[in-house]
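Chemist: Contents of model-v4.pdb (PDB, C-alpha atoms) are below:
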MODEL        1
ATOM      1  CA  MET A 898       1.070 -28.768 -16.582
ATOM      2  CA  LYS A 899       3.517 -29.929 -13.984
ATOM      3  CA  SER A 900       5.061 -27.109 -11.989
ATOM      4  CA  ILE A 901       8.717 -27.165 -11.065
ATOM      5  CA  TYR A 902       7.841 -25.052  -8.014
ATOM      6  CA  GLU A 903       6.171 -26.093  -4.789
ATOM      7  CA  ASN A 904       3.147 -24.114  -5.878
ATOM      8  CA  GLU A 905       2.287 -21.688  -8.610
ATOM      9  CA  MET A 906      -0.624 -19.552  -9.765
ATOM     10  CA  ASN A 907      -1.505 -17.043 -12.468
ATOM     11  CA  LEU A 908      -3.936 -14.150 -12.545
ATOM     12  CA  GLU A 909      -4.873 -12.122 -15.596
ATOM     13  CA  PHE A 910      -7.208  -9.162 -15.549
ATOM     14  CA  ILE A 911      -7.911  -5.996 -17.494
ATOM     15  CA  SER A 912      -6.342  -2.756 -16.322
ATOM     16  CA  LYS A 913      -9.267  -1.440 -14.307
ATOM     17  CA  SER A 914      -8.403   0.210 -11.000
ATOM     18  CA  SER A 915     -11.117  -1.787  -9.233
ATOM     19  CA  ASN A 916      -8.914  -4.870  -9.857
ATOM     20  CA  GLU A 917      -6.161  -3.500  -7.575
ATOM     21  CA  ALA A 918      -7.961  -4.833  -4.502
ATOM     22  CA  PHE A 919      -8.740  -8.128  -6.269
ATOM     23  CA  ALA A 920      -5.060  -8.651  -7.129
ATOM     24  CA  ARG A 921      -3.610  -7.943  -3.681
ATOM     25  CA  ILE A 922      -6.265  -9.989  -1.867
ATOM     26  CA  SER A 923      -5.725 -12.955  -4.238
ATOM     27  CA  VAL A 924      -1.949 -12.883  -3.788
ATOM     28  CA  ALA A 925      -2.351 -12.584  -0.013
ATOM     29  CA  ALA A 926      -4.662 -15.604   0.013
ATOM     30  CA  PHE A 927      -2.131 -17.590  -2.040
ATOM     31  CA  ALA A 928       0.711 -16.544   0.287
ATOM     32  CA  ALA A 929      -1.290 -17.669   3.327
ATOM     33  CA  GLN A 930      -0.088 -21.267   2.846
ATOM     34  CA  LEU A 931       3.398 -20.149   3.967
ATOM     35  CA  ASP A 932       1.849 -19.206   7.309
ATOM     36  CA  PRO A 933       3.020 -15.562   7.264
ATOM     37  CA  THR A 934       2.478 -13.098  10.099
ATOM     38  CA  ILE A 935      -0.159 -10.382   9.747
ATOM     39  CA  GLU A 936       2.640  -7.909   9.116
ATOM     40  CA  GLU A 937       4.184 -10.029   6.363
ATOM     41  CA  ILE A 938       0.772 -10.350   4.669
ATOM     42  CA  ALA A 939       0.288  -6.575   4.883
ATOM     43  CA  ASP A 940       3.740  -6.036   3.322
ATOM     44  CA  ILE A 941       2.903  -8.352   0.404
ATOM     45  CA  LYS A 942      -0.510  -6.749  -0.142
ATOM     46  CA  THR A 943       0.973  -3.261  -0.172
ATOM     47  CA  ALA A 944       3.789  -4.175  -2.580
ATOM     48  CA  VAL A 945       1.382  -5.960  -4.959
ATOM     49  CA  SER A 946      -0.995  -3.008  -4.829
ATOM     50  CA  GLU A 947       1.851  -0.646  -5.804
ATOM     51  CA  ALA A 948       3.040  -2.811  -8.697
ATOM     52  CA  VAL A 949      -0.457  -3.402 -10.106
ATOM     53  CA  THR A 950      -1.314   0.309  -9.776
ATOM     54  CA  ASN A 951       1.874   1.196 -11.685
ATOM     55  CA  SER A 952       0.842  -1.105 -14.550
ATOM     56  CA  ILE A 953      -2.635   0.418 -14.664
ATOM     57  CA  VAL A 954      -1.699   4.090 -14.199
ATOM     58  CA  HIS A 955       1.650   4.243 -15.994
ATOM     59  CA  GLY A 956       1.867   1.131 -18.188
ATOM     60  CA  TYR A 957      -1.527   1.458 -19.816
ATOM     61  CA  GLU A 958      -2.411   5.054 -18.854
ATOM     62  CA  ASP A 959      -5.986   5.501 -20.059
ATOM     63  CA  THR A 960      -6.012   2.549 -22.428
ATOM     64  CA  GLU A 961      -7.185  -0.969 -21.637
ATOM     65  CA  GLY A 962      -4.683  -3.789 -21.427
ATOM     66  CA  ILE A 963      -3.989  -7.019 -19.581
ATOM     67  CA  VAL A 964      -2.129  -7.110 -16.271
ATOM     68  CA  LYS A 965      -0.606 -10.471 -15.372
ATOM     69  CA  VAL A 966       0.322 -11.607 -11.885
ATOM     70  CA  HIS A 967       2.348 -14.793 -11.633
ATOM     71  CA  CYS A 968       3.100 -16.192  -8.166
ATOM     72  CA  LYS A 969       5.454 -18.972  -7.234
ATOM     73  CA  ILE A 970       6.360 -20.564  -3.948
ATOM     74  CA  ILE A 971       9.918 -21.794  -3.543
ATOM     75  CA  GLY A 972      10.803 -23.072  -0.097
ATOM     76  CA  ASN A 973       9.769 -20.378   2.383
ATOM     77  CA  SER A 974       9.695 -17.644  -0.244
ATOM     78  CA  ILE A 975       6.972 -16.210  -2.387
ATOM     79  CA  ILE A 976       7.866 -14.704  -5.746
ATOM     80  CA  VAL A 977       5.373 -12.326  -7.340
ATOM     81  CA  GLU A 978       5.771 -11.168 -10.937
ATOM     82  CA  VAL A 979       3.543  -8.321 -12.092
ATOM     83  CA  SER A 980       3.739  -7.630 -15.808
ATOM     84  CA  ASP A 981       2.071  -5.510 -18.445
ATOM     85  CA  THR A 982       2.526  -4.905 -22.157
ATOM     86  CA  GLY A 983       2.129  -1.157 -21.778
ATOM     87  CA  LYS A 984       4.388   1.732 -22.698
ATOM     88  CA  GLY A 985       7.374   0.750 -20.547
ATOM     89  CA  ILE A 986       9.648   2.888 -18.361
ATOM     90  CA  GLU A 987      12.222   5.084 -20.088
ATOM     91  CA  ASN A 988      14.518   5.464 -17.128
ATOM     92  CA  VAL A 989      14.202   2.712 -14.528
ATOM     93  CA  GLU A 990      16.835   4.239 -12.213
ATOM     94  CA  GLU A 991      14.896   7.504 -12.087
ATOM     95  CA  ALA A 992      11.592   5.686 -11.498
ATOM     96  CA  ARG A 993      13.107   3.845  -8.527
ATOM     97  CA  LYS A 994      14.008   7.096  -6.738
ATOM     98  CA  PRO A 995      11.833   8.043  -3.750
ATOM     99  CA  LEU A 996       9.326  10.827  -4.507
ATOM    100  CA  TYR A 997       9.917  10.596  -8.267
ATOM    101  CA  THR A 998       6.673  10.595 -10.220
ATOM    102  CA  SER A 999       6.003  11.135 -13.895
ATOM    103  CA  LYS A1000       2.453  12.185 -13.025
ATOM    104  CA  PRO A1001       2.567  14.812 -10.235
ATOM    105  CA  ASN A1002      -0.795  16.205 -11.380
ATOM    106  CA  LEU A1003      -2.511  12.970 -10.294
ATOM    107  CA  GLU A1004      -1.354  13.314  -6.663
ATOM    108  CA  ARG A1005       0.830  10.245  -7.042
ATOM    109  CA  SER A1006       3.327  10.258  -4.179
ATOM    110  CA  GLY A1007       6.251   8.750  -6.089
ATOM    111  CA  MET A1008       6.739   6.180  -3.331
ATOM    112  CA  GLY A1009       5.639   3.065  -5.237
ATOM    113  CA  PHE A1010       8.999   1.443  -5.962
ATOM    114  CA  THR A1011      10.430   2.619  -2.622
ATOM    115  CA  ILE A1012       7.604   0.808  -0.823
ATOM    116  CA  MET A1013       8.046  -2.341  -2.929
ATOM    117  CA  GLU A1014      11.769  -2.328  -2.177
ATOM    118  CA  SER A1015      11.412  -1.856   1.558
ATOM    119  CA  PHE A1016       8.428  -4.192   2.061
ATOM    120  CA  MET A1017       9.836  -7.074  -0.026
ATOM    121  CA  ASP A1018      13.297  -8.683   0.157
ATOM    122  CA  GLU A1019      14.173  -8.375  -3.529
ATOM    123  CA  VAL A1020      12.715  -6.268  -6.329
ATOM    124  CA  LYS A1021      13.758  -6.528  -9.964
ATOM    125  CA  ILE A1022      12.409  -4.187 -12.651
ATOM    126  CA  GLU A1023      12.686  -5.092 -16.323
ATOM    127  CA  SER A1024      11.238  -2.683 -18.844
ATOM    128  CA  ILE A1025      11.416  -2.051 -22.562
ATOM    129  CA  VAL A1026       9.897   1.138 -23.918
ATOM    130  CA  GLY A1027       6.935   0.281 -26.127
ATOM    131  CA  LEU A1028       6.825  -3.357 -25.011
ATOM    132  CA  GLY A1029       6.044  -3.307 -21.327
ATOM    133  CA  THR A1030       7.297  -3.766 -17.800
ATOM    134  CA  LYS A1031       7.808  -6.726 -15.510
ATOM    135  CA  VAL A1032       8.375  -6.297 -11.782
ATOM    136  CA  THR A1033       9.593  -9.380  -9.901
ATOM    137  CA  MET A1034       9.400  -9.299  -6.108
ATOM    138  CA  LYS A1035      10.502 -11.887  -3.618
ATOM    139  CA  LYS A1036       9.718 -12.193   0.057
ATOM    140  CA  LEU A1037      11.047 -14.727   2.499
ATOM    141  CA  ILE A1038       8.474 -15.730   5.074
ATOM    142  CA  LYS A1039      10.396 -16.164   8.287
ATOM    143  CA  LYS A1040       9.635 -19.271  10.206
ATOM    144  CA  GLU A1041       9.743 -19.060  13.955
ATOM    145  CA  GLU A1042      11.579 -22.151  15.020
ATOM    146  CA  VAL A1043      10.845 -23.342  18.533
ATOM    147  CA  THR A1044      13.957 -24.927  20.012
ATOM    148  CA  GLN A1045      13.974 -28.035  22.184
ATOM    149  CA  GLU A1046      15.307 -25.891  25.074
ATOM    150  CA  GLU A1047      12.317 -23.548  24.840
ATOM    151  CA  ILE A1048       9.911 -26.487  24.893
ATOM    152  CA  GLU A1049      11.609 -27.913  27.989
ATOM    153  CA  GLU A1050      11.561 -24.510  29.703
ATOM    154  CA  VAL A1051       7.807 -24.199  29.125
ATOM    155  CA  LEU A1052       7.263 -27.778  30.327
ATOM    156  CA  SER A1053       9.263 -27.179  33.527
ATOM    157  CA  GLN A1054       7.286 -23.930  34.196
ATOM    158  CA  ILE A1055       4.034 -25.875  33.905
ATOM    159  CA  GLY A1056       5.492 -28.491  36.282
ATOM    160  CA  LYS A1057       6.286 -25.817  38.911
ATOM    161  CA  GLU A1058       2.809 -24.314  38.748
ATOM    162  CA  GLN A1059       1.116 -27.612  39.509
TER     163      GLN A1059
ATOM    164  CA  MET B 945     -16.570   8.621   4.850
ATOM    165  CA  ASN B 946     -18.108   9.973   8.017
ATOM    166  CA  VAL B 947     -17.966  13.742   8.388
ATOM    167  CA  ASN B 948     -18.149  15.737  11.591
ATOM    168  CA  TYR B 949     -17.621  19.480  11.850
ATOM    169  CA  GLU B 950     -17.054  21.291  15.141
ATOM    170  CA  GLU B 951     -17.875  24.968  14.697
ATOM    171  CA  LYS B 952     -16.238  26.019  17.992
ATOM    172  CA  ASP B 953     -12.731  24.893  16.996
ATOM    173  CA  LYS B 954     -13.372  25.058  13.243
ATOM    174  CA  LEU B 955     -12.317  21.424  13.150
ATOM    175  CA  LEU B 956     -13.338  19.091  10.355
ATOM    176  CA  LEU B 957     -13.137  15.417  11.255
ATOM    177  CA  LEU B 958     -13.045  13.069   8.278
ATOM    178  CA  GLU B 959     -13.364   9.432   9.248
ATOM    179  CA  ILE B 960     -12.309   7.197   6.362
ATOM    180  CA  THR B 961     -14.279   3.968   6.251
ATOM    181  CA  GLU B 962     -12.656   2.009   3.415
ATOM    182  CA  GLU B 963      -9.343   0.660   2.162
ATOM    183  CA  ILE B 964      -7.192   3.358   0.561
ATOM    184  CA  ASP B 965      -5.635   2.608  -2.817
ATOM    185  CA  HIS B 966      -5.436   4.332  -6.196
ATOM    186  CA  HIS B 967      -8.987   3.216  -7.000
ATOM    187  CA  THR B 968     -10.678   4.452  -3.814
ATOM    188  CA  SER B 969      -8.496   7.531  -3.218
ATOM    189  CA  GLU B 970     -10.108   9.448  -6.096
ATOM    190  CA  LYS B 971     -13.514   9.243  -4.414
ATOM    191  CA  ILE B 972     -12.070  10.000  -0.962
ATOM    192  CA  ARG B 973     -10.260  13.107  -2.178
ATOM    193  CA  ARG B 974     -13.326  14.431  -4.016
ATOM    194  CA  LYS B 975     -15.452  14.025  -0.893
ATOM    195  CA  ALA B 976     -12.756  15.562   1.343
ATOM    196  CA  ASP B 977     -12.312  18.567  -0.958
ATOM    197  CA  TYR B 978     -16.055  19.081  -1.067
ATOM    198  CA  GLU B 979     -16.289  19.118   2.750
ATOM    199  CA  ILE B 980     -13.247  21.419   3.103
ATOM    200  CA  THR B 981     -14.633  24.004   0.684
ATOM    201  CA  ARG B 982     -18.028  23.708   2.344
ATOM    202  CA  TYR B 983     -16.863  24.313   5.931
ATOM    203  CA  MET B 984     -13.556  26.185   5.435
ATOM    204  CA  PRO B 985     -12.122  24.605   8.615
ATOM    205  CA  ARG B 986      -8.981  25.682  10.439
ATOM    206  CA  LYS B 987      -7.938  22.110  10.986
ATOM    207  CA  VAL B 988      -8.680  18.862   9.160
ATOM    208  CA  VAL B 989      -8.308  15.628  11.117
ATOM    209  CA  PHE B 990      -8.250  12.337   9.216
ATOM    210  CA  ASP B 991      -9.361   9.397  11.343
ATOM    211  CA  PHE B 992      -7.929   6.075  10.097
ATOM    212  CA  HIS B 993      -9.561   3.877  12.729
ATOM    213  CA  HIS B 994     -11.549   1.888  10.123
ATOM    214  CA  VAL B 995      -8.826   1.705   7.482
ATOM    215  CA  THR B 996      -7.567  -1.879   7.188
ATOM    216  CA  PHE B 997      -5.355  -1.318   4.146
ATOM    217  CA  MET B 998      -3.492   1.606   2.617
ATOM    218  CA  ASP B 999      -0.813   1.888  -0.055
ATOM    219  CA  SER B1000       1.066   4.957  -1.305
ATOM    220  CA  ALA B1001      -2.170   6.417  -2.683
ATOM    221  CA  GLY B1002      -2.894   7.395   0.936
ATOM    222  CA  ILE B1003       0.253   9.535   1.040
ATOM    223  CA  GLY B1004      -0.793  11.382  -2.126
ATOM    224  CA  MET B1005      -4.311  11.853  -0.808
ATOM    225  CA  VAL B1006      -3.210  13.364   2.537
ATOM    226  CA  LEU B1007      -0.482  15.456   0.884
ATOM    227  CA  GLY B1008      -3.005  16.944  -1.545
ATOM    228  CA  ARG B1009      -5.314  17.952   1.327
ATOM    229  CA  TYR B1010      -2.315  19.356   3.234
ATOM    230  CA  LYS B1011      -1.490  21.635   0.282
ATOM    231  CA  MET B1012      -5.089  22.769   0.120
ATOM    232  CA  MET B1013      -5.249  23.471   3.878
ATOM    233  CA  LYS B1014      -1.934  25.322   3.758
ATOM    234  CA  MET B1015      -3.374  27.631   1.131
ATOM    235  CA  LEU B1016      -6.358  28.259   3.411
ATOM    236  CA  GLY B1017      -4.041  28.918   6.350
ATOM    237  CA  GLY B1018      -4.972  25.700   8.175
ATOM    238  CA  SER B1019      -3.422  22.378   9.087
ATOM    239  CA  VAL B1020      -3.909  18.610   8.791
ATOM    240  CA  GLU B1021      -3.584  15.935  11.481
ATOM    241  CA  MET B1022      -4.005  12.175  11.442
ATOM    242  CA  ILE B1023      -5.399  10.015  14.236
ATOM    243  CA  ASN B1024      -5.822   6.291  14.925
ATOM    244  CA  VAL B1025      -3.081   5.299  12.502
ATOM    245  CA  SER B1026      -2.322   1.579  12.822
ATOM    246  CA  PRO B1027       1.311   0.348  12.778
ATOM    247  CA  MET B1028       0.803  -0.906   9.186
ATOM    248  CA  LEU B1029      -0.383   2.475   7.948
ATOM    249  CA  LYS B1030       2.301   4.226   9.979
ATOM    250  CA  LYS B1031       4.969   2.240   8.146
ATOM    251  CA  VAL B1032       3.692   3.609   4.812
ATOM    252  CA  PHE B1033       3.266   7.200   6.040
ATOM    253  CA  GLU B1034       6.650   7.403   7.751
ATOM    254  CA  MET B1035       8.460   6.231   4.628
ATOM    255  CA  SER B1036       7.440   9.415   2.845
ATOM    256  CA  GLY B1037       8.189  11.880   5.638
ATOM    257  CA  ILE B1038       4.649  13.255   5.449
ATOM    258  CA  THR B1039       4.244  12.797   9.210
ATOM    259  CA  LYS B1040       6.586  15.773   9.693
ATOM    260  CA  ILE B1041       4.010  18.134   8.197
ATOM    261  CA  CYS B1042       0.803  16.249   9.066
ATOM    262  CA  PRO B1043       1.485  14.921  12.562
ATOM    263  CA  LEU B1044       0.124  11.618  13.861
ATOM    264  CA  LYS B1045      -1.820  12.122  17.075
ATOM    265  CA  GLU B1046      -2.583   9.372  19.568
ATOM    266  CA  VAL B1047      -6.034  10.373  20.865
ATOM    267  CA  SER B1048      -9.529   8.797  20.693
TER     268      SER B1048
ENDMDL
END
Rewrite the structure from the file as structure tokens, please.
Modeler:
Amino acid sequence: MKSIYENEMNLEFISKSSNEAFARISVAAFAAQLDPTIEEIADIKTAVSEAVTNSIVHGYEDTEGIVKVHCKIIGNSIIVEVSDTGKGIENVEEARKPLYTSKPNLERSGMGFTIMESFMDEVKIESIVGLGTKVTMKKLIKKEEVTQEEIEEVLSQIGKEQ
Amino acid sequence: MNVNYEEKDKLLLLEITEEIDHHTSEKIRRKADYEITRYMPRKVVFDFHHVTFMDSAGIGMVLGRYKMMKMLGGSVEMINVSPMLKKVFEMSGITKICPLKEVS
């Protein structure tokens, strides 16, 4: 298979909660090639953890299913798609609201989508009741460009010290 | 989780030693609830010094303990919260009821 992206990878695993750590660590390792900061890596890990947990807790509830994580690198951005073929979300707008949870008895905070939205640059939720849910998240890894002026300034400082 | 109870101040210190997500939070909350009912403290302090990752499951876990402590007439505080964890906690507003303290 030839990818049309700069890089691409797929993960598939069964909906066991112990795979939440596996998924976020794998995506973080894949994202590392964009040379992100520690904070950017933490943002990606947290967002992936939220999306995968949603698939396991809400998509499949107590049943076993497959969670798919598809990652692509385009330029300086990483795109992460987390999908399941679980029960789907009836009202996506409601699910997006901070503090909304369909399972308050499980001590879920209702902050999942809010965290994904604030930690990533773009979040798209597609869901069909009875068929499943796909969450697509994009994050631009900011590159710190060093200008020629900054290089010269550092060089002249070194010159003065000697 | 490391547990330390100070009888003098009726303070229960719970030092979490693992990443906090949906998977691990179930075990953490069971252990915390066990220690709270065992000691009946006036204050519970969660120490996050060893926590390298936390998602929204951490908010639910602390909030649940807060509700329990409120019923017992006590309070909950959090210490050694890294900037990454702080970002998650502050998003939910939980820090208004379970304050972050600088110490140790």
Chemist: Please identify every residue of chain B that has at least one atom no more than 10 Å from any atom of chain A, counting only C-alpha atoms, and report them as a PyMOL selection string.
Modeler: chain B and resi 963-970+973+996-1008+1027-1029+1031-1032+1035-1036
Chemist: Could you give me, as a ChimeraX atom specification, the residues within 10 Å of stretch 947-954 of chain B, counting all atoms listed in the file and dropping anything in the same chain fewer than 6 positions from it?
Modeler: /B:960,975-976,979-980,983-990,1018
Chemist: At what distance in Å, to one decimal, does atom CA of A:Asp1018 lie from atom CA of A:Leu1037?
Modeler: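 Taking atom CA of A:Leu1037 as the start and atom CA of A:Asp1018 as the end point, the length is 6.9 Å.
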Chemist: Please define a box with edges along x, y and z of the file around all atoms of stretch 977-980 of chain B given in the file, extend it by 8 Å on each side, and return its centre and edge lengths in Å to one decimal, as AutoDock Vina command-line options.
Modeler:
--center_x -14.3 --center_y 20.0 --center_z 1.0 --size_x 20.0 --size_y 18.9 --size_z 20.2
Chemist: Let me make sure I understand: among B:Leu958, B:Met945, B:Ile1038, B:Ile972, which one has the smallest atom-to-atom distance to B:Ile1023 if we use all atoms listed in the file?
Modeler: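 For B:Ile1023, the nearest of the candidates is B:Leu958.
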Chemist: For the file shown, what are the residues hit by the PyMOL selection byres ((chain A and resi 909) around 7), laid out as a short mmCIF file (atom, residue, chain, number, x, y, z; two decimals) with C-alpha atoms, keeping the file's coordinate frame?
Modeler:
data_model
loop_
_atom_site.label_atom_id
_atom_site.label_comp_id
_atom_site.auth_asym_id
_atom_site.auth_seq_id
_atom_site.Cartn_x
_atom_site.Cartn_y
_atom_site.Cartn_z
CA ASN A 907 -1.50 -17.04 -12.47
CA LEU A 908 -3.94 -14.15 -12.54
CA PHE A 910 -7.21 -9.16 -15.55
CA ILE A 963 -3.99 -7.02 -19.58
CA VAL A 964 -2.13 -7.11 -16.27
CA LYS A 965 -0.61 -10.47 -15.37
CA VAL A 966 0.32 -11.61 -11.88
#
Chemist: Considering only C-alpha atoms, can you say which of A:Ala928, A:Asn973, A:Gly956, A:Ser900 comes closest to A:Lys1039?
Modeler: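 Distance minimum relative to A:Lys1039 lands on A:Asn973.
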Chemist: Determine the nearest neighbour of B:Met1013 from the options B:Lys1045, B:Thr981, B:Thr961, B:His993, counting all atoms listed in the file.
Modeler: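 Of the candidates, the smallest distance to B:Met1013 is held by B:Thr981.
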Chemist: Report, in Å to a single decimal, how far apart atom CA of A:Ile1022 and atom CA of A:Glu990 are.
Modeler: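 Between atom CA of A:Glu990 and atom CA of A:Ile1022 the gap is 9.5 Å.
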Chemist: Would you mind listing what lies within 9 Å of A:Val977 as a PyMOL selection string, with only C-alpha atoms counted and same-chain residues fewer than 4 positions away left out?
Modeler: chain A and resi 924+945+966-970+1032-1036
